[in-house]
Amino acid sequence: MTNLKTKVNIAGVELKNPVMTASGTFGSGKEYSEFVDLNELGAVVVKGVANVPWKGNASPRVAETYGGMLNSVGLQNPGVHAFVKEDILFLRKYDTKIIVNIAGRSVEDYCEVAEVLSNADIDMIELNISCPNVKEGCVSFGVNPHTVEAVTKEVKKYCKQPLIVKLSPNVADIAEIAKGAEAGGADAISLINTLLGMVIDIHKRRPVLANIMGGLSGPAIKPVAVRMVYQVAQAVKVPIIGMGGISNGDDAIEFMLAGASAVAVGTANFFNPRATIDVKEGIENYMKKYGISNIKDIVGNITV
Amino acid sequence: MTNLKTKVNIAGVELKNPVMTASGTFGSGKEYSEFVDLNELGAVVVKGVANVPWKGNASPRVAETYGGMLNSVGLQNPGVHAFVKEDILFLRKYDTKIIVNIAGRSVEDYCEVAEVLSNADIDMIELNISCPNVKEGCVSFGVNPHTVEAVTKEVKKYCKQPLIVKLSPNVADIAEIAKGAEAGGADAISLINTLLGMVIDIHKRRPVLANIMGGLSGPAIKPVAVRMVYQVAQAVKVPIIGMGGISNGDDAIEFMLAGASAVAVGTANFFNPRATIDVKEGIENYMKKYGISNIKDIVGNITV
Amino acid sequence: MIKWFEGTVIENIEISPGIYKLILSAQDIVGMAKSGQFVNVYNNSEKHLLPRPISICEINKEKGTLTLVYSVVGRGTNIISQIQPSESIKLMGPLGNGFEITENHGESILVGGGVGVPPLLELAKQLKGKTTVYLGFRTSTYLIEEFEKYCDKVYISTEDGSRGIKGNVLDLLNDTLPKGKMVFSCGPKPMLRAVYNWAKDKSIPTQLSFEERMACGIGACLVCTCKTQKENENDWENRRVCKDGPVFLGDEVVWDD
Amino acid sequence: MIKWFEGTVIENIEISPGIYKLILSAQDIVGMAKSGQFVNVYNNSEKHLLPRPISICEINKEKGTLTLVYSVVGRGTNIISQIQPSESIKLMGPLGNGFEITENHGESILVGGGVGVPPLLELAKQLKGKTTVYLGFRTSTYLIEEFEKYCDKVYISTEDGSRGIKGNVLDLLNDTLPKGKMVFSCGPKPMLRAVYNWAKDKSIPTQLSFEERMACGIGACLVCTCKTQKENENDWENRRVCKDGPVFLGDEVVWDD
Ligand SMILES: Cc1cc2nc3c(=O)[nH]c(=O)nc-3n(C[C@H](O)[C@H](O)[C@H](O)COP(=O)(O)OP(=O)(O)OC[C@H]3O[C@@H](n4cnc5c(N)ncnc54)[C@H](O)[C@@H]3O)c2cc1C
Ligand SMILES: Cc1cc2nc3c(=O)[nH]c(=O)nc-3n(C[C@H](O)[C@H](O)[C@H](O)COP(=O)(O)OP(=O)(O)OC[C@H]3O[C@@H](n4cnc5c(N)ncnc54)[C@H](O)[C@@H]3O)c2cc1C
Ligand SMILES: Cc1cc2nc3c(=O)[nH]c(=O)nc-3n(C[C@H](O)[C@H](O)[C@H](O)COP(=O)(O)O)c2cc1C
Ligand SMILES: Cc1cc2nc3c(=O)[nH]c(=O)nc-3n(C[C@H](O)[C@H](O)[C@H](O)COP(=O)(O)O)c2cc1C
Ligand code: FES
Ligand code: FES
């Protein structure tokens, strides 16, 4: 077992391994590059960018929960133009793929960002129609399969790179939503974004988050995420990027067995800055242990 | 602060305190009565009963998760007739209210159970339209506000006791569902039931649960539950019974501040058989600490 | 009466690779405990919440102690293995029905596989008549000397042949063809099924102790089930391993999966 | 370079009710650490995951140690308080910008409230000119002797008047009307605002250290923000307390909430 084949192909883009960072948890890669050799990652997925700078929500924006956390950043970002100017050059120094997560308040916003990015030196675009922390746009696009289809179709027109559509878990039937994205032309689907949650400070008798509610992420949500990946894998043909609570190799394998071709590591970075590397190495160890030479043989490979 | 007023009134039924047991986690009270004086509880909510005995799902039916667990019991129950014969007499020996959770595969099923129970010596009925572990009926009623309204209205016709409608969290807009229940005549709303989840055994490469998916409960889901209680409290006028991960008094206070008039303790019983009592005492301690003499002053009392 | 209490650890040592013997001071329950019953061991970790069911291996009424023998297979048992003497640990027990011992079973056949071995030890001690014991292990063996003390004959199998015969307990049964009035068995379900079929063929009744994933351990949550025949009915039901079991008669079990 | 490493605990003692002093061997970072910076303390508990940001109170370059002084307020700090000498603990640091010390600030005014007191100690040591220090506590006081060693004058307030004047640091400032070229302050936001207004009134520039709930601690997640004025623009932005701060100039902060 000297030659583990860990390459995965997502919509024509070949990643050296299936480990990505989850958007919004890894900045634009620079901060974590002090702890992680970015060359080791399949892809860096950067924080959501919009057509213009967004200020984000008021503070506090984070609340710790049992096995997870809430955030209500609200997609603060410097705008796509600043991003293109500053961050791509840094990331291109590394041998890893660049995936840019895009945010918008309207279909036009999304298209505008996609258009700017289509001429930028990046590998894929991830359409975030699932952020629970922004009132207009975003999540409201993500809860109805027809809207998902329509917005995907529209944005797709402006993309020269493959388009990943990122789904919200705050829906009754995730498979229907995924089918909408696929019908709209999504080249891949990523899930899950955060579950909407709330924490109250019982001593101050007010919500901990200034924004009242926020998105729940971390190990606590993993069973919901695995379930949704599994359901979506039964429903669509496009590749799936799974995330939600992944902290180690075993977690990643669980998502891949459920049907994900690649995985992303989010909240775990905060409590283990080398989580992405641990995940990558854990996957390799699993392959060695079970004599699996090609990682593709793991994807969806469960007996039910 | 010698006289703490901990009584709460749910739809005309006066509970000596707001602490209940969550259906399905406390059997019919007998098992836990070895550890807990049932006289100390506001109400015992018993396991869901159907018109006829249900065998439930295959084993394994439980999988542990980070900060929680999945179950796929599938509403195994001996049927309402066996329940009425055996369990009510036992519970009536105690000075606590009896709430019976009812399950069904069709509206007629639910109505039949409600009819039998309406002549039984119980205090309230809880309509479970939210169990994720049964294919027909149950959760499928719970994901659309119109269906919720219709089934509530129909079942209500057969109830002589107040009717609680228990909601599923696996929906995009819980407030709409709650409004449906209220419009259908629900006297109270309880939430949340379990979140649909899945755990895969990566060594055996198959789901841990025989039923593939199951319901996620326990501390991990608390932020989602608190958020939904808060959203529902803004949307309806009927009292709310909050649950989802409550393990101690502070957790219960969080739900009450979010708008719940009473709370139920589920999964916590499994890791602390005296959890209900700890919750009750914790609530009292909070009241003493902050000089709150009447528990009603806590309900919904947050500044946002 | 089931008790929920703090037991004090007297000893917690590795008796074989990955297998630990935990002796607990548990005065509150030793008087009530029977062989084949189990206890729930609660843990201090916060990442996992559910108690771990572990069978009672020995009951010492004079000293007021219980012995548990367990295999470290995952997070929970790993945490339990790290508890030091004089530390205390939350326990609930005795749980389950336990083996049914009549005045004199005459000759008894005991068949244990892996972690199904320990629960048979207390049974072996209490049985009055002749007892023949069959113990199957993967590689390393444990508790053999103890069984030899209380039983008339102890047969051993290991998968790698490192001790006793190379094979499993079924091979032993078929080789030795013991006679007896009751078979008591504990181990993985496939083994229980094979033992049941073996015994049925010889018209020997069986008491089989099952393992199932649990939550409450006291019959309240219905997550632990064993499919059993309904009495006087051509129908089956799911009974609770933790409360109605873990010991079921082989004949009442529905062996369809 | 920020380091993520295991520090060894040398001492972890309660120096005042609920206030602990933790001395860590942290050779890797003492060379780089500045006053006003902080470290992230990771924990071993599994129930809560996020690291806890704690300011650097003292840097001992010879011994290669850092001193942290922290108040036990919740689960995380409670766990930290239980760590024993010679145990190791995951740390990340040095984090944040720290105070800006120019060659000679002339006279400096230091104002600390509660757990805003410790981060001023290393600053006090390093400042060259005359330093006047104002420390506000609720009831019990700590680190006073240390400040007295390095500062020209130490004023103390307590809410209950048990030591120093009864009142807060603002009362002290208003009573003593110190003069200085720079105010350095750390404490709760309402105090920082009051200090800022006091200093602004006297045209003294301020370096203020903010606290905000954090996740990553290194600027990647954007959960920790301080509203600041944009340069050359009539607009504001949310800057990261962990990376762009925790120290901001009073004049750049937008004080609207
Ligand atoms: C009635 C009964 C008696 C038992 N007696 C013994 C004994 O005497 N010695 C011994 O070594 N083991 C015994 N077991 C098995 C023991 O309970 C499991 O090995 C243990 O729960 C594993 O926990 P873990 O955290 O180490 O493993 P993990 O795999 O991390 O546990 C994950 C979850 O699965 C459950 N689980 C995993 N394996 C089993 C299993 N085989 N049976 C039931 N639940 C399981 C755990 O309780 C936990 O909820 C018994 C089980 C039962 C039901
Ligand atoms: C840059 C910086 C420097 C700090 N320096 C010190 C110091 O030197 N001494 C000291 O005693 N305290 C300091 N604090 C505050 C310290 O971080 C908190 O008291 C601590 O995180 C509380 O953790 P807990 O688990 O005990 O409390 P809990 O209330 O249980 O924590 C729950 C969550 O809220 C966060 N949190 C709670 N209070 C605060 C707070 N005041 N600031 C930031 N996050 C908080 C926790 O980190 C955690 O994520 C500093 C905070 C920051 C941001
Ligand atoms: C602080 C924070 C910021 C996030 N920002 C974004 C974002 O900008 N765009 C996006 O699509 N998802 C965002 N997410 C969601 C994550 O990418 C991921 O889908 C989610 O956190 C679940 O994965 P995890 O449990 O591994 O964190 C954010 C999550 C966190 C915790
Ligand atoms: C083992 C188990 C069985 C359950 N059975 C039922 C049931 O029969 N009817 C029902 O309405 N809810 C049932 N529930 C859901 C609980 O009543 C409760 O809504 C949920 O577990 C969330 O609360 P918790 O986190 O405190 O457990 C069950 C939950 C568990 C864990
Ligand atoms: S574990 Fe709850 S009924 Fe058996
Ligand atoms: S804590 Fe992540 S940016 Fe400050």
# chains A, B, ... in the order shown; residues from 1 in each chain; ligands from 1
call {"tool": "closest_atom_pairs", "arguments": {"of": "chain C", "to": "ligand 5", "cutoff": "6 Å", "atoms": "only C-alpha atoms and all ligand atoms", "output": "JSON lines"}}
result
{"residue": "C:Met214", "atom": "CA", "partner": "ligand 5", "partner_atom_place_in_ligand_line": "1 (S)", "distance": 3.8}
{"residue": "C:Ala215", "atom": "CA", "partner": "ligand 5", "partner_atom_place_in_ligand_line": "1 (S)", "distance": 4.2}
{"residue": "C:Cys216", "atom": "CA", "partner": "ligand 5", "partner_atom_place_in_ligand_line": "2 (Fe)", "distance": 3.9}
{"residue": "C:Gly217", "atom": "CA", "partner": "ligand 5", "partner_atom_place_in_ligand_line": "1 (S)", "distance": 3.8}
{"residue": "C:Ile218", "atom": "CA", "partner": "ligand 5", "partner_atom_place_in_ligand_line": "2 (Fe)", "distance": 5.6}
{"residue": "C:Gly219", "atom": "CA", "partner": "ligand 5", "partner_atom_place_in_ligand_line": "3 (S)", "distance": 3.4}
{"residue": "C:Ala220", "atom": "CA", "partner": "ligand 5", "partner_atom_place_in_ligand_line": "3 (S)", "distance": 4.6}
{"residue": "C:Cys221", "atom": "CA", "partner": "ligand 5", "partner_atom_place_in_ligand_line": "2 (Fe)", "distance": 3.8}
{"residue": "C:Leu222", "atom": "CA", "partner": "ligand 5", "partner_atom_place_in_ligand_line": "3 (S)", "distance": 3.7}
{"residue": "C:Val223", "atom": "CA", "partner": "ligand 5", "partner_atom_place_in_ligand_line": "2 (Fe)", "distance": 5.3}
{"residue": "C:Cys224", "atom": "CA", "partner": "ligand 5", "partner_atom_place_in_ligand_line": "4 (Fe)", "distance": 4.4}
{"residue": "C:Arg240", "atom": "CA", "partner": "ligand 5", "partner_atom_place_in_ligand_line": "4 (Fe)", "distance": 5.2}
{"residue": "C:Val241", "atom": "CA", "partner": "ligand 5", "partner_atom_place_in_ligand_line": "4 (Fe)", "distance": 5.8}
{"residue": "C:Cys242", "atom": "CA", "partner": "ligand 5", "partner_atom_place_in_ligand_line": "4 (Fe)", "distance": 4.3}
call {"tool": "select_by_dssp", "arguments": {"residues": "range 60-198 of chain C", "states": "helix (DSSP H, G or I)", "output": "PyMOL selection string"}}
result
chain C and resi 75-81+114-116+119-126+144-150+169-176+189-198
call {"tool": "interface_residues", "arguments": {"of": "chain A", "to": "chain D", "cutoff": "9 Å", "atoms": "only C-alpha atoms", "output": "compact mmCIF listing (two decimals) with C-alpha atoms, in the first residue's frame"}}
result
# COMPACT_ATOMS: atom_id res chain seq x y z
CA GLY A 24 -15.87 31.36 6.44
CA THR A 25 -13.82 29.36 8.87
CA PHE A 26 -10.45 29.68 7.21
CA GLY A 27 -10.36 33.30 6.11
CA SER A 28 -8.55 33.39 2.81
CA GLY A 29 -6.01 30.84 3.94
CA LYS A 30 -3.36 33.26 5.10
CA GLU A 31 -4.04 33.07 8.82
CA TYR A 32 -3.97 29.29 8.99
CA GLU A 34 1.13 29.58 9.80
CA PHE A 35 0.00 26.19 11.09
CA LYS A 47 -14.91 33.24 2.97
CA TRP A 54 -20.53 43.97 3.55
CA LYS A 55 -20.11 45.08 7.14
CA GLY A 56 -21.68 42.02 8.70
CA ASN A 57 -23.70 41.87 11.89
CA ALA A 58 -23.18 43.49 15.27
CA SER A 59 -21.12 41.80 18.01
CA PRO A 60 -21.20 39.42 19.84
CA ARG A 61 -21.19 37.14 16.86
CA VAL A 62 -20.30 33.87 18.51
CA ALA A 63 -21.76 31.69 21.23
CA GLU A 64 -20.37 28.40 22.34
CA THR A 65 -22.75 25.45 22.61
CA TYR A 66 -22.50 21.81 23.64
CA GLY A 67 -20.27 20.27 21.00
CA GLY A 68 -20.52 23.25 18.72
CA MET A 69 -20.96 26.98 18.33
CA ASN A 71 -21.99 32.29 14.62
CA SER A 72 -23.72 35.33 13.23
CA VAL A 73 -20.94 36.92 11.23
CA LEU A 75 -21.03 37.48 5.65
CA GLN A 76 -18.79 40.40 6.44
CA GLY A 218 -19.40 21.75 14.88
CA THR A 267 -15.36 24.68 13.11
CA ALA A 268 -12.70 22.10 13.93
CA ASN A 269 -10.05 24.57 12.74
CA PHE A 270 -10.92 26.75 15.72
CA PHE A 271 -10.18 24.12 18.33
CA ASN A 272 -7.44 22.42 16.35
CA PRO A 273 -5.65 24.68 13.87
call {"tool": "residues_near_ligand", "arguments": {"ligand": "ligand 1", "cutoff": "6 Å", "atoms": "only C-alpha atoms and all ligand atoms", "output": "list in words"}}
result
Glu64 of chain B; Phe38, Leu50, Arg52, Pro53, Ile54, Ser55, Val69, Tyr70, Ser71, Val72, Val73, Gly74, Arg75, Gly76, Thr77, Asn78, Val115, Pro118, Pro119, Glu211, Glu212, Arg213, Met214 and Pro246 of chain C
call {"tool": "write_last_selection", "arguments": {"atoms": "C-alpha atoms", "output": "CSV table (one decimal), in the first residue's frame"}}
result
chain,number,residue,atom,x,y,z
B,64,GLU,CA,-24.6,7.6,20.4
C,38,PHE,CA,-25.6,-6.4,34.5
C,50,LEU,CA,-24.9,7.1,27.6
C,52,ARG,CA,-22.2,1.5,29.4
C,53,PRO,CA,-23.8,-1.9,30.2
C,54,ILE,CA,-21.4,-4.4,31.7
C,55,SER,CA,-22.3,-7.8,33.0
C,69,VAL,CA,-14.6,-7.9,33.3
C,70,TYR,CA,-14.7,-5.8,30.2
C,71,SER,CA,-13.0,-5.4,26.9
C,72,VAL,CA,-11.8,-1.9,25.8
C,73,VAL,CA,-13.5,-1.5,22.5
C,74,GLY,CA,-14.3,2.2,22.2
C,75,ARG,CA,-14.4,5.6,24.0
C,76,GLY,CA,-16.5,4.6,26.9
C,77,THR,CA,-14.7,1.5,27.9
C,78,ASN,CA,-11.4,3.3,27.4
C,115,VAL,CA,-16.9,-10.9,26.5
C,118,PRO,CA,-17.3,-13.2,32.2
C,119,PRO,CA,-21.1,-13.3,33.0
C,211,GLU,CA,-26.2,-7.9,24.0
C,212,GLU,CA,-28.0,-5.0,22.4
C,213,ARG,CA,-27.2,-1.3,22.3
C,214,MET,CA,-29.0,0.5,25.1
C,246,PRO,CA,-30.7,-10.0,28.8
call {"tool": "residues_around", "arguments": {"residues": "Asn234 in chain D", "least_positions_apart": "4", "cutoff": "12 Å", "atoms": "only C-alpha atoms", "output": "PDB file with N, CA and C atoms, in the first residue's frame"}}
result
ATOM      1  N   THR D 228     -14.859  50.380  13.884  1.00  0.00           N
ATOM      2  CA  THR D 228     -13.870  51.460  13.825  1.00  0.00           C
ATOM      3  C   THR D 228     -14.120  52.349  12.617  1.00  0.00           C
ATOM      4  N   GLN D 229     -13.636  53.573  12.761  1.00  0.00           N
ATOM      5  CA  GLN D 229     -13.682  54.550  11.699  1.00  0.00           C
ATOM      6  C   GLN D 229     -12.798  54.100  10.542  1.00  0.00           C
ATOM      7  N   LYS D 230     -13.302  54.244   9.303  1.00  0.00           N
ATOM      8  CA  LYS D 230     -12.416  53.974   8.171  1.00  0.00           C
ATOM      9  C   LYS D 230     -11.525  55.179   7.944  1.00  0.00           C
ATOM     10  N   GLU D 252     -10.057  55.925  16.910  1.00  0.00           N
ATOM     11  CA  GLU D 252     -10.522  55.197  15.731  1.00  0.00           C
ATOM     12  C   GLU D 252     -11.788  54.391  16.007  1.00  0.00           C
ATOM     13  N   VAL D 254     -15.595  53.511  16.896  1.00  0.00           N
ATOM     14  CA  VAL D 254     -16.928  54.122  16.784  1.00  0.00           C
ATOM     15  C   VAL D 254     -17.694  53.760  18.054  1.00  0.00           C
TER      16      VAL D 254
END
call {"tool": "select_by_dssp", "arguments": {"residues": "range 5-107 of chain A", "states": "strand (DSSP E)", "output": "number ranges by chain"}}
result
A: 8-10, 13-15, 19-21, 43-49, 62-65, 68-71, 97-102
call {"tool": "closest_atom_pairs", "arguments": {"of": "chain A", "to": "chain B", "cutoff": "8 Å", "atoms": "only C-alpha atoms", "output": "tab-separated table"}}
result
residue	atom	partner	partner_atom	distance
A:Thr65	CA	B:Pro223	CA	7.3
A:Tyr66	CA	B:Ala220	CA	5.6
A:Gly67	CA	B:Gly67	CA	6.2
A:Gly68	CA	B:Ala220	CA	7.7
A:Val143	CA	B:Ala172	CA	6.8
A:Asn170	CA	B:Ala172	CA	5.2
A:Val171	CA	B:Ala172	CA	4.1
A:Ala172	CA	B:Val171	CA	4.1
A:Asp173	CA	B:Val171	CA	7.9
A:Leu195	CA	B:Val224	CA	7.1
A:Leu196	CA	B:Val224	CA	6.2
A:Gly197	CA	B:Val224	CA	4.3
A:Met198	CA	B:Arg227	CA	4.7
A:Val199	CA	B:Pro223	CA	5.8
A:Ile200	CA	B:Glu254	CA	5.9
A:Asp201	CA	B:Glu254	CA	7.5
A:Ile202	CA	B:Glu254	CA	5.9
A:Arg205	CA	B:Ile302	CA	4.9
A:Arg206	CA	B:Ile302	CA	5.0
A:Pro207	CA	B:Val304	CA	6.5
A:Ile212	CA	B:Val304	CA	6.9
A:Met213	CA	B:Arg227	CA	7.0
A:Leu216	CA	B:Pro223	CA	7.5
A:Pro219	CA	B:Tyr66	CA	6.2
A:Ala220	CA	B:Ala220	CA	4.9
A:Ile221	CA	B:Ala220	CA	7.3
A:Pro223	CA	B:Gly197	CA	4.6
A:Val224	CA	B:Gly197	CA	4.3
A:Ala225	CA	B:Gly197	CA	7.4
A:Val226	CA	B:Met198	CA	5.9
A:Arg227	CA	B:Met198	CA	4.7
A:Met228	CA	B:Gly197	CA	7.8
A:Asp250	CA	B:Ile202	CA	7.2
A:Ile253	CA	B:Ile202	CA	6.8
A:Glu254	CA	B:Ile200	CA	5.9
A:Leu257	CA	B:Arg205	CA	7.2
A:Ala258	CA	B:Ile200	CA	7.6
A:Asn301	CA	B:Arg205	CA	7.1
A:Ile302	CA	B:Arg205	CA	4.9
A:Thr303	CA	B:Arg206	CA	5.1
A:Val304	CA	B:Arg206	CA	5.8
call {"tool": "residues_around", "arguments": {"residues": "Asn197 in chain C", "least_positions_apart": "3", "cutoff": "12 Å", "atoms": "only C-alpha atoms", "output": "PyMOL selection string"}}
result
chain C and resi 170+173-174+183+190-194+200-206+208+250-251+253+255
call {"tool": "write_last_selection", "arguments": {"atoms": "N, CA and C atoms", "output": "compact mmCIF listing (two decimals), in the first residue's frame"}}
result
# COMPACT_ATOMS: atom_id res chain seq x y z
N LEU C 170 -18.37 -24.01 19.03
CA LEU C 170 -19.22 -25.00 18.36
C LEU C 170 -18.42 -26.24 18.00
N LEU C 173 -18.17 -28.14 21.12
CA LEU C 173 -19.42 -28.85 21.46
C LEU C 173 -19.56 -30.09 20.58
N ASN C 174 -19.29 -29.92 19.32
CA ASN C 174 -19.43 -31.06 18.40
C ASN C 174 -18.39 -32.14 18.66
N VAL C 183 -28.55 -25.54 28.82
CA VAL C 183 -27.40 -24.82 28.27
C VAL C 183 -27.54 -23.35 28.64
N PRO C 190 -24.46 -14.51 16.50
CA PRO C 190 -24.26 -15.69 15.65
C PRO C 190 -23.87 -16.92 16.47
N MET C 191 -23.09 -16.69 17.52
CA MET C 191 -22.71 -17.82 18.37
C MET C 191 -23.94 -18.35 19.12
N LEU C 192 -24.74 -17.41 19.65
CA LEU C 192 -25.93 -17.84 20.39
C LEU C 192 -26.84 -18.67 19.48
N ARG C 193 -26.96 -18.23 18.26
CA ARG C 193 -27.82 -18.95 17.32
C ARG C 193 -27.29 -20.38 17.09
N ALA C 194 -25.98 -20.48 16.91
CA ALA C 194 -25.38 -21.79 16.66
C ALA C 194 -25.54 -22.69 17.89
N LYS C 200 -30.92 -27.43 20.51
CA LYS C 200 -32.28 -27.79 20.12
C LYS C 200 -32.29 -29.18 19.49
N ASP C 201 -31.26 -29.38 18.70
CA ASP C 201 -31.11 -30.66 18.04
C ASP C 201 -31.04 -31.79 19.06
N LYS C 202 -30.50 -31.47 20.22
CA LYS C 202 -30.36 -32.48 21.28
C LYS C 202 -31.42 -32.33 22.34
N SER C 203 -32.43 -31.48 22.04
CA SER C 203 -33.55 -31.24 22.97
C SER C 203 -33.11 -30.75 24.34
N ILE C 204 -32.02 -29.96 24.33
CA ILE C 204 -31.62 -29.36 25.62
C ILE C 204 -32.11 -27.91 25.62
N PRO C 205 -32.83 -27.52 26.66
CA PRO C 205 -33.29 -26.12 26.72
C PRO C 205 -32.12 -25.16 26.91
N THR C 206 -32.30 -23.92 26.47
CA THR C 206 -31.21 -22.94 26.51
C THR C 206 -31.64 -21.65 27.21
N LEU C 208 -30.16 -17.95 27.06
CA LEU C 208 -29.16 -17.22 26.27
C LEU C 208 -29.15 -15.74 26.68
N GLY C 250 -33.94 -19.82 24.58
CA GLY C 250 -33.68 -19.98 23.16
C GLY C 250 -34.97 -20.20 22.37
N ASP C 251 -35.91 -20.93 22.97
CA ASP C 251 -37.13 -21.25 22.25
C ASP C 251 -38.06 -20.07 22.06
N VAL C 253 -37.04 -17.01 21.37
CA VAL C 253 -36.44 -16.03 20.46
C VAL C 253 -36.83 -16.32 19.01
N TRP C 255 -35.56 -16.27 15.50
CA TRP C 255 -34.19 -16.26 14.98
C TRP C 255 -34.11 -15.88 13.51
call {"tool": "atom_distance", "arguments": {"atom1": "CA of Gly244 in chain A", "atom2": "CA of Val299 in chain A"}}
result
17.0 Å
call {"tool": "atom_distance", "arguments": {"atom1": "CA of Gly98 in chain C", "atom2": "CA of Ser209 in chain C"}}
result
8.2 Å
call {"tool": "atom_distance", "arguments": {"atom1": "CA of Gly266 in chain B", "atom2": "atom 16 (C, counted along the ligand's line) of ligand 4"}}
result
5.6 Å
call {"tool": "residues_around", "arguments": {"residues": "Lys97 in chain B", "least_positions_apart": "6", "cutoff": "8 Å", "atoms": "only C-alpha atoms", "output": "compact mmCIF listing (two decimals) with N, CA, C and O atoms, in the first residue's frame"}}
result
# COMPACT_ATOMS: atom_id res chain seq x y z
N LEU B 15 -50.29 22.62 36.56
CA LEU B 15 -49.17 21.75 36.94
C LEU B 15 -48.48 22.36 38.15
O LEU B 15 -48.31 23.57 38.21
N GLY B 42 -44.28 18.05 37.44
CA GLY B 42 -45.48 18.73 36.95
C GLY B 42 -46.38 17.77 36.19
O GLY B 42 -47.60 17.76 36.36
N ALA B 43 -45.79 16.97 35.34
CA ALA B 43 -46.57 16.00 34.58
C ALA B 43 -45.66 14.88 34.10
O ALA B 43 -44.46 15.08 33.93
N VAL B 44 -46.26 13.72 33.91
CA VAL B 44 -45.55 12.63 33.24
C VAL B 44 -46.17 12.49 31.85
O VAL B 44 -47.39 12.32 31.72
N ILE B 122 -57.12 10.79 32.23
CA ILE B 122 -55.84 11.45 31.94
C ILE B 122 -56.09 12.95 31.80
O ILE B 122 -57.24 13.39 31.67
N ASP B 123 -55.00 13.74 31.83
CA ASP B 123 -55.18 15.19 31.89
C ASP B 123 -55.05 15.91 30.56
O ASP B 123 -55.69 16.92 30.33
